[in-house]
>>> print(open('query27.pdb').read())   # PDB, C-alpha atoms
MODEL        1
ATOM      1  CA  MET V  15      19.140  16.539  19.363
ATOM      2  CA  ALA V  16      18.033  13.960  21.970
ATOM      3  CA  SER V  17      20.098  13.707  25.159
ATOM      4  CA  GLN V  18      19.777   9.889  25.148
ATOM      5  CA  THR V  19      18.497   7.097  22.963
ATOM      6  CA  VAL V  20      14.810   7.605  22.210
ATOM      7  CA  PRO V  21      12.655   4.447  22.414
ATOM      8  CA  GLN V  22      10.682   3.530  19.311
ATOM      9  CA  ALA V  23       7.355   3.913  21.144
ATOM     10  CA  THR V  24       8.281   7.486  22.062
ATOM     11  CA  ALA V  25       9.361   8.287  18.502
ATOM     12  CA  GLU V  26       6.051   6.969  17.204
ATOM     13  CA  ARG V  27       4.126   9.354  19.465
ATOM     14  CA  LEU V  28       6.055  12.487  18.435
ATOM     15  CA  PRO V  29       4.073  13.110  15.209
ATOM     16  CA  LEU V  30       0.831  13.033  17.221
ATOM     17  CA  TYR V  31       2.268  15.533  19.699
ATOM     18  CA  TYR V  32       3.434  17.760  16.847
ATOM     19  CA  ARG V  33       0.074  17.743  15.063
ATOM     20  CA  THR V  34      -1.762  18.533  18.303
ATOM     21  CA  LEU V  35       0.623  21.401  19.070
ATOM     22  CA  GLN V  36       0.035  22.812  15.588
ATOM     23  CA  GLN V  37      -3.672  22.924  16.338
ATOM     24  CA  LEU V  38      -3.098  24.539  19.747
ATOM     25  CA  VAL V  39      -0.838  27.238  18.312
ATOM     26  CA  ALA V  40      -3.292  27.904  15.474
ATOM     27  CA  ASN V  41      -6.036  28.384  18.082
ATOM     28  CA  GLY V  42      -3.948  30.867  20.060
ATOM     29  CA  LYS V  43      -3.081  28.577  22.981
ATOM     30  CA  THR V  44       0.304  29.717  24.328
ATOM     31  CA  ARG V  45       0.945  27.170  27.071
ATOM     32  CA  ILE V  46      -0.438  23.872  28.312
ATOM     33  CA  SER V  47       0.119  21.456  31.186
ATOM     34  CA  SER V  48       1.069  17.827  30.633
ATOM     35  CA  SER V  49      -2.293  16.722  32.102
ATOM     36  CA  LYS V  50      -4.314  18.893  29.702
ATOM     37  CA  PHE V  51      -2.100  17.870  26.814
ATOM     38  CA  GLY V  52      -2.611  14.240  27.797
ATOM     39  CA  GLU V  53      -6.378  14.692  27.601
ATOM     40  CA  LEU V  54      -6.064  16.021  24.058
ATOM     41  CA  VAL V  55      -3.826  13.230  22.755
ATOM     42  CA  GLN V  56      -5.404  10.562  24.996
ATOM     43  CA  ILE V  57      -2.069   9.593  26.543
ATOM     44  CA  ASP V  58      -1.381   9.765  30.272
ATOM     45  CA  SER V  59       0.645  12.752  31.458
ATOM     46  CA  THR V  60       3.368  10.564  33.008
ATOM     47  CA  THR V  61       4.123   9.052  29.601
ATOM     48  CA  ILE V  62       4.166  12.497  27.978
ATOM     49  CA  ARG V  63       6.625  13.885  30.533
ATOM     50  CA  LYS V  64       8.790  10.782  30.118
ATOM     51  CA  ASP V  65       8.726  11.145  26.329
ATOM     52  CA  PHE V  66       9.780  14.788  26.470
ATOM     53  CA  SER V  67      12.466  14.083  29.072
ATOM     54  CA  TYR V  68      14.534  12.290  26.422
ATOM     55  CA  PHE V  69      15.085  15.687  24.808
ATOM     56  CA  GLY V  70      16.047  17.631  27.915
ATOM     57  CA  ALA V  71      14.062  20.291  29.773
ATOM     58  CA  LEU V  72      11.218  21.206  27.433
ATOM     59  CA  GLY V  73       8.809  22.405  30.115
ATOM     60  CA  ARG V  74       8.843  24.189  33.465
ATOM     61  CA  LYS V  75       7.328  22.930  36.702
ATOM     62  CA  GLY V  76       4.280  24.960  37.607
ATOM     63  CA  TYR V  77       4.123  26.491  34.116
ATOM     64  CA  GLY V  78       3.802  23.564  31.756
ATOM     65  CA  TYR V  79       4.888  23.756  28.136
ATOM     66  CA  ASP V  80       5.237  26.735  25.843
ATOM     67  CA  THR V  81       3.245  25.486  22.848
ATOM     68  CA  GLN V  82       5.082  27.551  20.222
ATOM     69  CA  TYR V  83       8.511  26.544  21.532
ATOM     70  CA  LEU V  84       7.553  22.882  21.801
ATOM     71  CA  MET V  85       6.000  22.867  18.329
ATOM     72  CA  ASP V  86       9.129  24.442  16.826
ATOM     73  CA  PHE V  87      11.321  21.948  18.657
ATOM     74  CA  LEU V  88       9.349  18.952  17.380
ATOM     75  CA  LYS V  89       9.281  20.457  13.900
ATOM     76  CA  LYS V  90      13.081  20.306  13.801
ATOM     77  CA  THR V  91      13.199  16.932  15.549
ATOM     78  CA  LEU V  92      10.838  15.420  12.966
ATOM     79  CA  TYR V  93      12.668  17.148  10.094
ATOM     80  CA  GLN V  94       9.531  19.070   9.203
ATOM     81  CA  ASP V  95      11.556  22.238   8.610
ATOM     82  CA  GLU V  96      12.733  20.850   5.257
ATOM     83  CA  LEU V  97      11.059  19.308   2.217
ATOM     84  CA  ASN V  98      10.894  15.520   2.412
ATOM     85  CA  ARG V  99      10.582  13.987  -1.049
ATOM     86  CA  VAL V 100       9.076  10.519  -1.419
ATOM     87  CA  ILE V 101       8.121   8.301  -4.347
ATOM     88  CA  LEU V 102       5.129   6.017  -4.762
ATOM     89  CA  ILE V 103       5.314   2.553  -6.317
ATOM     90  CA  GLY V 104       2.042   1.110  -7.579
ATOM     91  CA  VAL V 105      -0.598   3.426  -9.055
ATOM     92  CA  GLY V 106      -3.660   1.294  -8.369
ATOM     93  CA  HIS V 107      -6.723   2.419  -6.410
ATOM     94  CA  LEU V 108      -4.828   3.078  -3.168
ATOM     95  CA  GLY V 109      -1.803   4.559  -4.919
ATOM     96  CA  THR V 110      -4.009   6.904  -6.928
ATOM     97  CA  ALA V 111      -5.829   8.012  -3.793
ATOM     98  CA  LEU V 112      -2.516   8.804  -2.105
ATOM     99  CA  LEU V 113      -1.338  10.745  -5.150
ATOM    100  CA  ASN V 114      -4.560  12.760  -5.188
ATOM    101  CA  HIS V 115      -4.078  13.531  -1.506
ATOM    102  CA  ASN V 116      -0.291  14.000  -1.725
ATOM    103  CA  PHE V 117       0.027  15.223   1.873
ATOM    104  CA  LEU V 118      -2.064  18.338   1.219
ATOM    105  CA  LYS V 119      -2.054  19.215   4.940
ATOM    106  CA  ASN V 120       1.690  18.724   5.216
ATOM    107  CA  ASN V 121       3.696  21.136   3.086
ATOM    108  CA  ASN V 122       6.947  19.434   4.129
ATOM    109  CA  THR V 123       6.282  16.059   2.500
ATOM    110  CA  GLN V 124       5.628  15.543  -1.186
ATOM    111  CA  ILE V 125       5.315  12.597  -3.566
ATOM    112  CA  VAL V 126       7.554  13.731  -6.415
ATOM    113  CA  ARG V 127       7.184  10.771  -8.786
ATOM    114  CA  ALA V 128       5.311   7.491  -9.147
ATOM    115  CA  TYR V 129       6.057   4.129 -10.771
ATOM    116  CA  ASP V 130       3.806   1.511 -12.327
ATOM    117  CA  VAL V 131       3.843  -1.371 -14.849
ATOM    118  CA  ASP V 132       0.636  -0.384 -16.673
ATOM    119  CA  PRO V 133       1.531   1.072 -20.107
ATOM    120  CA  LYS V 134      -1.671   3.131 -20.025
ATOM    121  CA  LYS V 135      -0.531   4.923 -16.867
ATOM    122  CA  ILE V 136       3.145   5.379 -17.740
ATOM    123  CA  GLY V 137       3.819   8.917 -18.907
ATOM    124  CA  THR V 138       0.565  10.284 -17.496
ATOM    125  CA  LYS V 139       0.193  12.526 -14.452
ATOM    126  CA  VAL V 140      -1.986  12.003 -11.398
ATOM    127  CA  SER V 141      -2.698  15.290  -9.632
ATOM    128  CA  GLY V 142       0.518  16.691 -11.090
ATOM    129  CA  THR V 143       2.767  13.715 -10.261
ATOM    130  CA  LYS V 144       4.238  11.941 -13.284
ATOM    131  CA  VAL V 145       4.060   8.154 -13.536
ATOM    132  CA  PHE V 146       7.231   6.384 -14.703
ATOM    133  CA  ALA V 147       7.827   2.807 -15.837
ATOM    134  CA  MET V 148       8.893   0.294 -13.183
ATOM    135  CA  ASP V 149      11.794  -0.668 -15.444
ATOM    136  CA  GLU V 150      13.276   2.793 -14.795
ATOM    137  CA  LEU V 151      13.130   2.546 -10.999
ATOM    138  CA  ALA V 152      16.413   0.760 -10.237
ATOM    139  CA  ALA V 153      18.378   2.864 -12.731
ATOM    140  CA  ASN V 154      17.192   6.234 -11.415
ATOM    141  CA  ASP V 155      19.171   8.038  -8.715
ATOM    142  CA  HIS V 156      16.990   8.444  -5.628
ATOM    143  CA  HIS V 157      19.600   9.234  -2.993
ATOM    144  CA  GLU V 158      17.778  12.515  -2.245
ATOM    145  CA  ILE V 159      14.469  10.678  -1.783
ATOM    146  CA  VAL V 160      13.740   9.899   1.875
ATOM    147  CA  ALA V 161      11.293   7.035   1.362
ATOM    148  CA  ALA V 162       9.207   4.948  -1.008
ATOM    149  CA  ILE V 163       5.517   4.222  -0.485
ATOM    150  CA  LEU V 164       4.699   0.673  -1.619
ATOM    151  CA  THR V 165       1.133   0.119  -2.828
ATOM    152  CA  VAL V 166       1.758  -2.865  -5.084
ATOM    153  CA  PRO V 167       0.263  -6.391  -4.824
ATOM    154  CA  ALA V 168       1.963  -8.563  -2.203
ATOM    155  CA  ALA V 169       3.559 -10.798  -4.843
ATOM    156  CA  HIS V 170       5.474  -7.838  -6.296
ATOM    157  CA  ALA V 171       6.371  -5.939  -3.110
ATOM    158  CA  GLN V 172       9.785  -7.545  -2.511
ATOM    159  CA  GLU V 173      10.940  -6.942  -6.082
ATOM    160  CA  ALA V 174       9.702  -3.344  -6.009
ATOM    161  CA  ALA V 175      11.473  -2.689  -2.715
ATOM    162  CA  GLU V 176      14.739  -4.160  -4.026
ATOM    163  CA  LYS V 177      14.592  -1.921  -7.101
ATOM    164  CA  ALA V 178      13.965   1.129  -4.912
ATOM    165  CA  LEU V 179      16.841   0.064  -2.661
ATOM    166  CA  ALA V 180      19.142  -0.173  -5.680
ATOM    167  CA  SER V 181      18.220   3.407  -6.594
ATOM    168  CA  GLY V 182      19.366   4.715  -3.214
ATOM    169  CA  ILE V 183      16.199   4.626  -1.095
ATOM    170  CA  ARG V 184      16.476   3.316   2.482
ATOM    171  CA  GLY V 185      13.024   4.048   3.936
ATOM    172  CA  PHE V 186       9.805   2.232   3.052
ATOM    173  CA  LEU V 187       6.159   2.716   3.976
ATOM    174  CA  ASN V 188       4.702  -0.637   3.003
ATOM    175  CA  PHE V 189       0.965  -0.905   2.365
ATOM    176  CA  SER V 190       1.380  -4.303   0.679
ATOM    177  CA  PRO V 191       0.092  -7.166   2.879
ATOM    178  CA  THR V 192       3.437  -8.935   3.139
ATOM    179  CA  THR V 193       6.729  -8.656   4.992
ATOM    180  CA  LEU V 194       9.873  -7.477   3.250
ATOM    181  CA  ASN V 195      13.314  -9.045   3.487
ATOM    182  CA  LEU V 196      15.697  -6.090   3.247
ATOM    183  CA  PRO V 197      19.196  -5.254   4.577
ATOM    184  CA  GLU V 198      19.657  -3.902   8.092
ATOM    185  CA  ASN V 199      20.344  -0.406   6.788
ATOM    186  CA  ALA V 200      16.803  -0.238   5.351
ATOM    187  CA  TYR V 201      13.903   0.847   7.556
ATOM    188  CA  VAL V 202      10.369  -0.410   6.904
ATOM    189  CA  ARG V 203       7.035   0.666   8.360
ATOM    190  CA  HIS V 204       4.158  -1.691   7.609
ATOM    191  CA  VAL V 205       0.619  -0.374   7.233
ATOM    192  CA  ASP V 206      -1.780  -3.310   7.077
ATOM    193  CA  MET V 207      -5.379  -2.140   7.377
ATOM    194  CA  THR V 208      -6.694  -5.708   7.594
ATOM    195  CA  VAL V 209      -4.492  -6.438  10.606
ATOM    196  CA  GLU V 210      -5.477  -3.144  12.249
ATOM    197  CA  LEU V 211      -9.187  -3.870  11.746
ATOM    198  CA  GLN V 212      -8.808  -7.404  13.093
ATOM    199  CA  ALA V 213      -7.062  -6.034  16.183
ATOM    200  CA  LEU V 214      -9.775  -3.400  16.619
ATOM    201  CA  ILE V 215     -12.548  -6.000  16.342
ATOM    202  CA  TYR V 216     -10.747  -8.212  18.853
ATOM    203  CA  PHE V 217     -10.383  -5.419  21.401
ATOM    204  CA  LEU V 218     -13.988  -4.318  20.932
ATOM    205  CA  ASN V 219     -15.297  -7.842  21.501
ATOM    206  CA  HIS V 220     -12.852  -8.489  24.351
ATOM    207  CA  SER V 221     -14.012  -5.276  26.017
ATOM    208  CA  MET V 222     -17.647  -6.333  25.727
ATOM    209  CA  GLU V 223     -16.890  -9.790  27.141
ATOM    210  CA  THR V 224     -15.030  -8.229  30.086
ATOM    211  CA  LYS V 225     -17.929  -5.902  30.864
ATOM    212  CA  ASN V 226     -20.451  -8.725  30.678
ATOM    213  CA  SER V 227     -18.441 -11.144  32.822
TER     214      SER V 227
ENDMDL
END
>>> encode(input="query27.pdb", output="structure tokens")
Amino acid sequence: MASQTVPQATAERLPLYYRTLQQLVANGKTRISSSKFGELVQIDSTTIRKDFSYFGALGRKGYGYDTQYLMDFLKKTLYQDELNRVILIGVGHLGTALLNHNFLKNNNTQIVRAYDVDPKKIGTKVSGTKVFAMDELAANDHHEIVAAILTVPAAHAQEAAEKALASGIRGFLNFSPTTLNLPENAYVRHVDMTVELQALIYFLNHSMETKNS
């Protein structure tokens, strides 16, 4: 769908653009300029135009962007026009919270099953999602599952990922505070809230030091 290779930074901004366009369309906004759009997403308009240029002519000079057209385009680009099934591994506090949420605001993504080692949780359901034994993970066929969400302790993350990989899964959203050693055909996104908070605290303090210097 893209006319050239899309940089990772651009790809990471597309979901933000899509969510903002959904809000604009819902509010009856039919078109928007790159500068106004930039104000909403807090990204400069030059970057936005560059991002969209990878996909061809999505806007018109002097007119801006048709919000409905652009939203529909990004919906297809992000595969939000089809149901994306994911599994969750690790039904602890975070895993349970994610199951209770289960992408309620996104009808195109759904956690269809969960895995855990706790005998008390195996066979139960959390907000309608059944919990299976970890021993079943590698043997189950998950080739139609797009990704696994890892919310297990760091010491068990690698083993859990390998079992999911053996079942046919190639995408991982890793909340465990550790890196994973997986084949090149696997794609991993790490979500480490401690690292993000440390970075935020650094930038806040650095900003204060700069202002006071």
>>> residues_around(input="query27.pdb", residues="Gln37 (chain V)", least_positions_apart="6", cutoff="10 Å", atoms="only C-alpha atoms", output="number ranges by chain")
V: 43, 81, 85
>>> closest_residue(input="query27.pdb", among="V:Ala213, V:Thr123, V:Glu176, V:Ile103", to="Ile163 (chain V)", atoms="only C-alpha atoms")
V:Ile103
>>> resolve_selection(input="query27.pdb", expression="the PyMOL selection byres ((chain V and resi 95) around 12)", output="list in words")
Met85, Asp86, Phe87, Leu88, Lys89, Lys90, Thr91, Leu92, Tyr93, Gln94, Glu96, Leu97, Asn98, Asn120, Asn121, Asn122 and Thr123 of chain V
>>> resolve_selection(input="query27.pdb", expression="the PyMOL selection byres ((chain V and resi 196-202) around 10)", output="tab-separated table (two decimals) with C-alpha atoms, in the coordinates of the input")
chain	number	residue	atom	x	y	z
V	161	ALA	CA	11.29	7.04	1.36
V	162	ALA	CA	9.21	4.95	-1.01
V	163	ILE	CA	5.52	4.22	-0.48
V	172	GLN	CA	9.78	-7.54	-2.51
V	175	ALA	CA	11.47	-2.69	-2.72
V	176	GLU	CA	14.74	-4.16	-4.03
V	179	LEU	CA	16.84	0.06	-2.66
V	183	ILE	CA	16.20	4.63	-1.10
V	184	ARG	CA	16.48	3.32	2.48
V	185	GLY	CA	13.02	4.05	3.94
V	186	PHE	CA	9.80	2.23	3.05
V	187	LEU	CA	6.16	2.72	3.98
V	188	ASN	CA	4.70	-0.64	3.00
V	193	THR	CA	6.73	-8.66	4.99
V	194	LEU	CA	9.87	-7.48	3.25
V	195	ASN	CA	13.31	-9.04	3.49
V	203	ARG	CA	7.04	0.67	8.36
V	204	HIS	CA	4.16	-1.69	7.61
V	205	VAL	CA	0.62	-0.37	7.23
>>> residues_around(input="query27.pdb", residues="Arg27 (chain V)", least_positions_apart="6", cutoff="12 Å", atoms="all atoms listed in the file", output="ChimeraX atom specification")
/V:20-21,33-34,52,55-57,61-62,64-66,88,92
>>> atom_distance(input="query27.pdb", atom1="CA of Tyr129 (chain V)", atom2="CA of Pro191 (chain V)")
18.7 Å
>>> atom_distance(input="query27.pdb", atom1="CA of Lys75 (chain V)", atom2="CA of Ser47 (chain V)")
9.2 Å
>>> atom_distance(input="query27.pdb", atom1="CA of Phe146 (chain V)", atom2="CA of Leu113 (chain V)")
13.6 Å
>>> resolve_selection(input="query27.pdb", expression="the PyMOL selection byres ((chain V and resi 139) around 12)", output="PDB file with C-alpha atoms, in the coordinates of the input")
ATOM      1  CA  VAL V 105      -0.598   3.426  -9.055  1.00  0.00           C
ATOM      2  CA  THR V 110      -4.009   6.904  -6.928  1.00  0.00           C
ATOM      3  CA  LEU V 113      -1.338  10.745  -5.150  1.00  0.00           C
ATOM      4  CA  ASN V 114      -4.560  12.760  -5.188  1.00  0.00           C
ATOM      5  CA  VAL V 126       7.554  13.731  -6.415  1.00  0.00           C
ATOM      6  CA  ARG V 127       7.184  10.771  -8.786  1.00  0.00           C
ATOM      7  CA  ALA V 128       5.311   7.491  -9.147  1.00  0.00           C
ATOM      8  CA  TYR V 129       6.057   4.129 -10.771  1.00  0.00           C
ATOM      9  CA  ASP V 130       3.806   1.511 -12.327  1.00  0.00           C
ATOM     10  CA  LYS V 134      -1.671   3.131 -20.025  1.00  0.00           C
ATOM     11  CA  LYS V 135      -0.531   4.923 -16.867  1.00  0.00           C
ATOM     12  CA  ILE V 136       3.145   5.379 -17.740  1.00  0.00           C
ATOM     13  CA  GLY V 137       3.819   8.917 -18.907  1.00  0.00           C
ATOM     14  CA  THR V 138       0.565  10.284 -17.496  1.00  0.00           C
ATOM     15  CA  VAL V 140      -1.986  12.003 -11.398  1.00  0.00           C
ATOM     16  CA  SER V 141      -2.698  15.290  -9.632  1.00  0.00           C
ATOM     17  CA  GLY V 142       0.518  16.691 -11.090  1.00  0.00           C
ATOM     18  CA  THR V 143       2.767  13.715 -10.261  1.00  0.00           C
ATOM     19  CA  LYS V 144       4.238  11.941 -13.284  1.00  0.00           C
ATOM     20  CA  VAL V 145       4.060   8.154 -13.536  1.00  0.00           C
ATOM     21  CA  PHE V 146       7.231   6.384 -14.703  1.00  0.00           C
TER      22      PHE V 146
END
>>> decode(input="query27.pdb", residues="region 133-149 of chain V", atoms="N, CA, C and O atoms", output="compact mmCIF listing (two decimals), in the first residue's frame")
# COMPACT_ATOMS: atom_id res chain seq x y z
N PRO V 133 -2.97 -23.22 38.95
CA PRO V 133 -4.08 -24.17 38.81
C PRO V 133 -5.43 -23.56 39.16
O PRO V 133 -6.47 -23.99 38.63
N LYS V 134 -5.43 -22.57 40.07
CA LYS V 134 -6.69 -21.94 40.47
C LYS V 134 -7.28 -21.07 39.37
O LYS V 134 -8.49 -20.82 39.36
N LYS V 135 -6.44 -20.63 38.44
CA LYS V 135 -6.93 -19.77 37.36
C LYS V 135 -7.25 -20.56 36.10
O LYS V 135 -8.10 -20.14 35.30
N ILE V 136 -6.57 -21.68 35.92
CA ILE V 136 -6.76 -22.50 34.71
C ILE V 136 -8.20 -23.03 34.66
O ILE V 136 -8.71 -23.57 35.64
N GLY V 137 -8.84 -22.81 33.53
CA GLY V 137 -10.21 -23.25 33.35
C GLY V 137 -11.24 -22.20 33.70
O GLY V 137 -12.43 -22.35 33.36
N THR V 138 -10.81 -21.13 34.37
CA THR V 138 -11.74 -20.04 34.69
C THR V 138 -11.79 -19.05 33.53
O THR V 138 -11.04 -19.16 32.55
N LYS V 139 -12.68 -18.07 33.64
CA LYS V 139 -12.79 -17.02 32.64
C LYS V 139 -12.63 -15.65 33.30
O LYS V 139 -13.13 -15.43 34.40
N VAL V 140 -11.92 -14.78 32.64
CA VAL V 140 -11.76 -13.40 33.09
C VAL V 140 -12.41 -12.50 32.06
O VAL V 140 -11.94 -12.41 30.92
N SER V 141 -13.52 -11.89 32.43
CA SER V 141 -14.29 -11.04 31.51
C SER V 141 -14.59 -11.77 30.20
O SER V 141 -14.51 -11.20 29.12
N GLY V 142 -14.90 -13.05 30.31
CA GLY V 142 -15.30 -13.83 29.14
C GLY V 142 -14.18 -14.54 28.42
O GLY V 142 -14.43 -15.35 27.52
N THR V 143 -12.92 -14.27 28.80
CA THR V 143 -11.77 -14.93 28.15
C THR V 143 -11.30 -16.09 28.99
O THR V 143 -10.96 -15.92 30.16
N LYS V 144 -11.25 -17.29 28.40
CA LYS V 144 -10.88 -18.49 29.14
C LYS V 144 -9.37 -18.55 29.35
O LYS V 144 -8.59 -18.18 28.48
N VAL V 145 -8.98 -19.04 30.54
CA VAL V 145 -7.58 -19.19 30.89
C VAL V 145 -7.18 -20.66 30.72
O VAL V 145 -7.81 -21.56 31.29
N PHE V 146 -6.13 -20.89 29.93
CA PHE V 146 -5.63 -22.23 29.66
C PHE V 146 -4.30 -22.45 30.38
O PHE V 146 -3.63 -21.50 30.78
N ALA V 147 -3.91 -23.71 30.50
CA ALA V 147 -2.64 -24.06 31.14
C ALA V 147 -1.47 -23.73 30.22
O ALA V 147 -1.55 -23.93 29.00
N MET V 148 -0.38 -23.25 30.81
CA MET V 148 0.82 -22.93 30.02
C MET V 148 1.33 -24.15 29.28
O MET V 148 1.91 -24.03 28.20
N ASP V 149 1.12 -25.33 29.85
CA ASP V 149 1.59 -26.57 29.21
C ASP V 149 0.93 -26.80 27.85
O ASP V 149 1.46 -27.54 27.01
